[in-house]
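*Asks:* Got a file for you: work_17.txt, compact mmCIF, N, CA and C atoms.
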# COMPACT_ATOMS: atom_id res chain seq x y z
N ALA S 283 -144.67 83.16 58.00
CA ALA S 283 -145.79 82.97 58.90
C ALA S 283 -145.97 84.20 59.79
N LYS S 284 -144.86 84.78 60.22
CA LYS S 284 -144.95 85.96 61.09
C LYS S 284 -145.67 87.09 60.36
N ASP S 285 -145.34 87.29 59.08
CA ASP S 285 -145.98 88.35 58.31
C ASP S 285 -147.46 88.06 58.07
N ALA S 286 -147.79 86.80 57.95
CA ALA S 286 -149.18 86.43 57.72
C ALA S 286 -150.01 86.60 58.99
N GLY S 287 -149.39 86.42 60.14
CA GLY S 287 -150.06 86.65 61.41
C GLY S 287 -150.80 85.47 61.98
N SER S 288 -151.17 84.50 61.16
CA SER S 288 -151.91 83.35 61.64
C SER S 288 -151.91 82.27 60.58
N LEU S 289 -152.30 81.07 60.97
CA LEU S 289 -152.37 79.97 60.00
C LEU S 289 -153.31 80.30 58.83
N PRO S 290 -154.50 80.87 59.08
CA PRO S 290 -155.33 81.24 57.93
C PRO S 290 -154.62 82.23 56.99
N GLY S 291 -153.83 83.13 57.58
CA GLY S 291 -153.07 84.06 56.75
C GLY S 291 -152.03 83.36 55.91
N VAL S 292 -151.38 82.34 56.49
CA VAL S 292 -150.40 81.55 55.74
C VAL S 292 -151.09 80.81 54.61
N ILE S 293 -152.24 80.21 54.90
CA ILE S 293 -152.99 79.49 53.87
C ILE S 293 -153.34 80.43 52.72
N LYS S 294 -153.77 81.63 53.05
CA LYS S 294 -154.14 82.60 52.02
C LYS S 294 -152.92 82.95 51.15
N ILE S 295 -151.77 83.16 51.79
CA ILE S 295 -150.55 83.50 51.04
C ILE S 295 -150.14 82.34 50.15
N LEU S 296 -150.18 81.12 50.66
CA LEU S 296 -149.75 79.96 49.88
C LEU S 296 -150.74 79.61 48.78
N GLY S 297 -151.99 79.92 49.00
CA GLY S 297 -153.01 79.57 48.01
C GLY S 297 -153.25 78.07 47.94
N LYS S 298 -152.86 77.34 48.95
CA LYS S 298 -153.03 75.89 48.99
C LYS S 298 -153.56 75.50 50.35
N ARG S 299 -154.16 74.32 50.41
CA ARG S 299 -154.66 73.82 51.68
C ARG S 299 -153.49 73.40 52.55
N VAL S 300 -153.47 73.83 53.78
CA VAL S 300 -152.43 73.48 54.74
C VAL S 300 -153.10 72.80 55.92
N ASP S 301 -152.52 71.69 56.37
CA ASP S 301 -153.04 70.95 57.51
C ASP S 301 -153.05 71.86 58.75
N SER S 302 -154.21 72.04 59.35
CA SER S 302 -154.33 72.95 60.48
C SER S 302 -153.81 72.35 61.79
N ASN S 303 -153.30 71.12 61.75
CA ASN S 303 -152.74 70.50 62.95
C ASN S 303 -151.25 70.78 63.12
N LEU S 304 -150.72 71.70 62.35
CA LEU S 304 -149.31 72.05 62.46
C LEU S 304 -149.02 72.69 63.81
N THR S 305 -147.80 72.49 64.27
CA THR S 305 -147.40 73.10 65.53
C THR S 305 -146.14 73.91 65.29
N GLY S 306 -146.23 75.21 65.38
CA GLY S 306 -145.08 76.07 65.36
C GLY S 306 -144.35 76.21 64.05
N THR S 307 -143.24 76.92 64.13
CA THR S 307 -142.43 77.25 62.97
C THR S 307 -141.86 76.00 62.31
N VAL S 308 -141.29 75.11 63.10
CA VAL S 308 -140.68 73.90 62.54
C VAL S 308 -141.74 73.03 61.86
N GLY S 309 -142.90 72.92 62.46
CA GLY S 309 -143.98 72.15 61.85
C GLY S 309 -144.40 72.72 60.51
N LEU S 310 -144.48 74.02 60.42
CA LEU S 310 -144.86 74.67 59.16
C LEU S 310 -143.78 74.45 58.10
N VAL S 311 -142.53 74.63 58.47
CA VAL S 311 -141.43 74.43 57.51
C VAL S 311 -141.42 72.98 57.02
N ARG S 312 -141.54 72.04 57.94
CA ARG S 312 -141.56 70.62 57.54
C ARG S 312 -142.73 70.31 56.62
N HIS S 313 -143.89 70.87 56.92
CA HIS S 313 -145.06 70.65 56.08
C HIS S 313 -144.82 71.18 54.67
N LEU S 314 -144.30 72.38 54.57
CA LEU S 314 -144.02 72.97 53.26
C LEU S 314 -143.02 72.13 52.49
N TYR S 315 -142.00 71.63 53.18
CA TYR S 315 -141.00 70.78 52.53
C TYR S 315 -141.63 69.45 52.09
N ASP S 316 -142.37 68.82 52.98
CA ASP S 316 -143.00 67.53 52.67
C ASP S 316 -143.96 67.63 51.49
N LYS S 317 -144.60 68.78 51.32
CA LYS S 317 -145.54 68.99 50.22
C LYS S 317 -144.84 69.48 48.94
N GLY S 318 -143.52 69.65 49.01
CA GLY S 318 -142.77 70.07 47.83
C GLY S 318 -142.88 71.56 47.53
N LEU S 319 -143.29 72.34 48.51
CA LEU S 319 -143.46 73.78 48.30
C LEU S 319 -142.18 74.56 48.57
N ILE S 320 -141.24 73.95 49.29
CA ILE S 320 -139.91 74.54 49.45
C ILE S 320 -138.88 73.42 49.23
N SER S 321 -137.68 73.80 48.84
CA SER S 321 -136.63 72.83 48.54
C SER S 321 -135.90 72.38 49.81
N GLU S 322 -135.11 71.32 49.67
CA GLU S 322 -134.26 70.86 50.77
C GLU S 322 -133.32 71.98 51.19
N LYS S 323 -132.76 72.69 50.22
CA LYS S 323 -131.85 73.80 50.51
C LYS S 323 -132.56 74.90 51.31
N ASP S 324 -133.79 75.24 50.91
CA ASP S 324 -134.56 76.25 51.64
C ASP S 324 -134.83 75.80 53.07
N LYS S 325 -135.21 74.53 53.24
CA LYS S 325 -135.50 73.98 54.57
C LYS S 325 -134.26 74.08 55.46
N GLN S 326 -133.11 73.69 54.93
CA GLN S 326 -131.88 73.74 55.70
C GLN S 326 -131.47 75.18 56.00
N SER S 327 -131.69 76.07 55.05
CA SER S 327 -131.36 77.48 55.24
C SER S 327 -132.20 78.08 56.37
N ILE S 328 -133.47 77.74 56.40
CA ILE S 328 -134.34 78.22 57.47
C ILE S 328 -133.85 77.69 58.81
N GLY S 329 -133.48 76.40 58.86
CA GLY S 329 -132.93 75.82 60.09
C GLY S 329 -131.68 76.54 60.54
N TYR S 330 -130.79 76.84 59.60
CA TYR S 330 -129.56 77.57 59.94
C TYR S 330 -129.89 78.96 60.48
N ASP S 331 -130.81 79.65 59.80
CA ASP S 331 -131.20 80.99 60.24
C ASP S 331 -131.78 80.96 61.66
N LEU S 332 -132.59 79.95 61.95
CA LEU S 332 -133.16 79.83 63.30
C LEU S 332 -132.07 79.56 64.32
N GLU S 333 -131.13 78.69 63.96
CA GLU S 333 -130.06 78.31 64.88
C GLU S 333 -129.14 79.49 65.20
N THR S 334 -128.89 80.35 64.24
CA THR S 334 -127.94 81.45 64.43
C THR S 334 -128.60 82.74 64.89
N SER S 335 -129.90 82.71 65.06
CA SER S 335 -130.61 83.90 65.53
C SER S 335 -130.91 83.75 67.02
N SER S 336 -131.66 84.67 67.54
CA SER S 336 -132.06 84.59 68.95
C SER S 336 -133.30 83.73 69.15
N PHE S 337 -133.76 83.06 68.09
CA PHE S 337 -134.91 82.17 68.16
C PHE S 337 -134.56 80.99 69.07
N ARG S 338 -135.40 80.71 70.04
CA ARG S 338 -135.14 79.61 70.96
C ARG S 338 -135.70 78.32 70.38
N ILE S 339 -134.79 77.34 70.16
CA ILE S 339 -135.19 76.08 69.55
C ILE S 339 -134.25 74.98 70.04
N SER S 340 -134.81 73.82 70.30
CA SER S 340 -134.00 72.70 70.80
C SER S 340 -133.22 72.05 69.65
N ASP S 341 -132.16 71.34 70.02
CA ASP S 341 -131.37 70.61 69.02
C ASP S 341 -132.23 69.55 68.33
N ASP S 342 -133.14 68.93 69.07
CA ASP S 342 -134.02 67.90 68.48
C ASP S 342 -134.87 68.49 67.36
N LEU S 343 -135.42 69.68 67.59
CA LEU S 343 -136.23 70.32 66.55
C LEU S 343 -135.37 70.77 65.37
N LEU S 344 -134.18 71.26 65.66
CA LEU S 344 -133.27 71.66 64.58
C LEU S 344 -132.94 70.48 63.67
N ARG S 345 -132.80 69.30 64.25
CA ARG S 345 -132.50 68.10 63.44
C ARG S 345 -133.59 67.83 62.41
N LEU S 346 -134.80 68.23 62.69
CA LEU S 346 -135.90 68.03 61.73
C LEU S 346 -135.73 68.90 60.49
N LEU S 347 -134.90 69.94 60.60
CA LEU S 347 -134.70 70.85 59.47
C LEU S 347 -133.35 70.63 58.79
N ARG S 348 -132.59 69.72 59.26
CA ARG S 348 -131.27 69.46 58.65
C ARG S 348 -131.33 68.38 57.62
Would you mind giving the structure from this file in structure tokens?
*Replies:*
Amino acid sequence: AKDAGSLPGVIKILGKRVDSNLTGTVGLVRHLYDKGLISEKDKQSIGYDLETSSFRISDDLLRLLR
């Protein structure tokens, strides 16, 4: 999403319709997982990467990616 710069950019990269009511990084990852566009392993890996980086995220949001 960062490389795409915006939700329309993400939609263009994915080539699929994405719900524009998403909120933030976790919302986008959950949406992609729920639509079958990323695997459970990918979702968990992203959560781990966020947790171990300087990205500020609450434990409640991290639970959505575990």
*Asks:* State, in Å with one decimal place, the distance from CA of Leu332 (chain S) to CA of Leu346 (chain S).
*Replies:* 12.2 Å
*Asks:* Please, what distance in Å, to one decimal, runs between atom N of Leu344 (chain S) and CA of Gly309 (chain S)?
*Replies:* 10.6 Å
*Asks:* If I take CA of Val308 (chain S) and atom N of Leu343 (chain S), how far is one from the other in Å, to one decimal?
*Replies:*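 Atom-to-atom, CA of Val308 (chain S) to atom N of Leu343 (chain S), that is 8.4 Å.
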*Asks:* Any idea what's packed within 6.5 Å of Arg348 (chain S), counting only N, CA and C atoms, ignoring anything in its chain fewer than 4 positions away? Could you give it as a count of residues only?
*Replies:* 4
*Asks:* When distances are computed from only C-alpha atoms, which of S:Glu322, S:Thr334, S:Arg345, S:Ile328 shows the smallest separation from Thr307 (chain S)?
*Replies:*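 When distances to Thr307 (chain S) are compared using only C-alpha atoms, the smallest one comes from S:Ile328.
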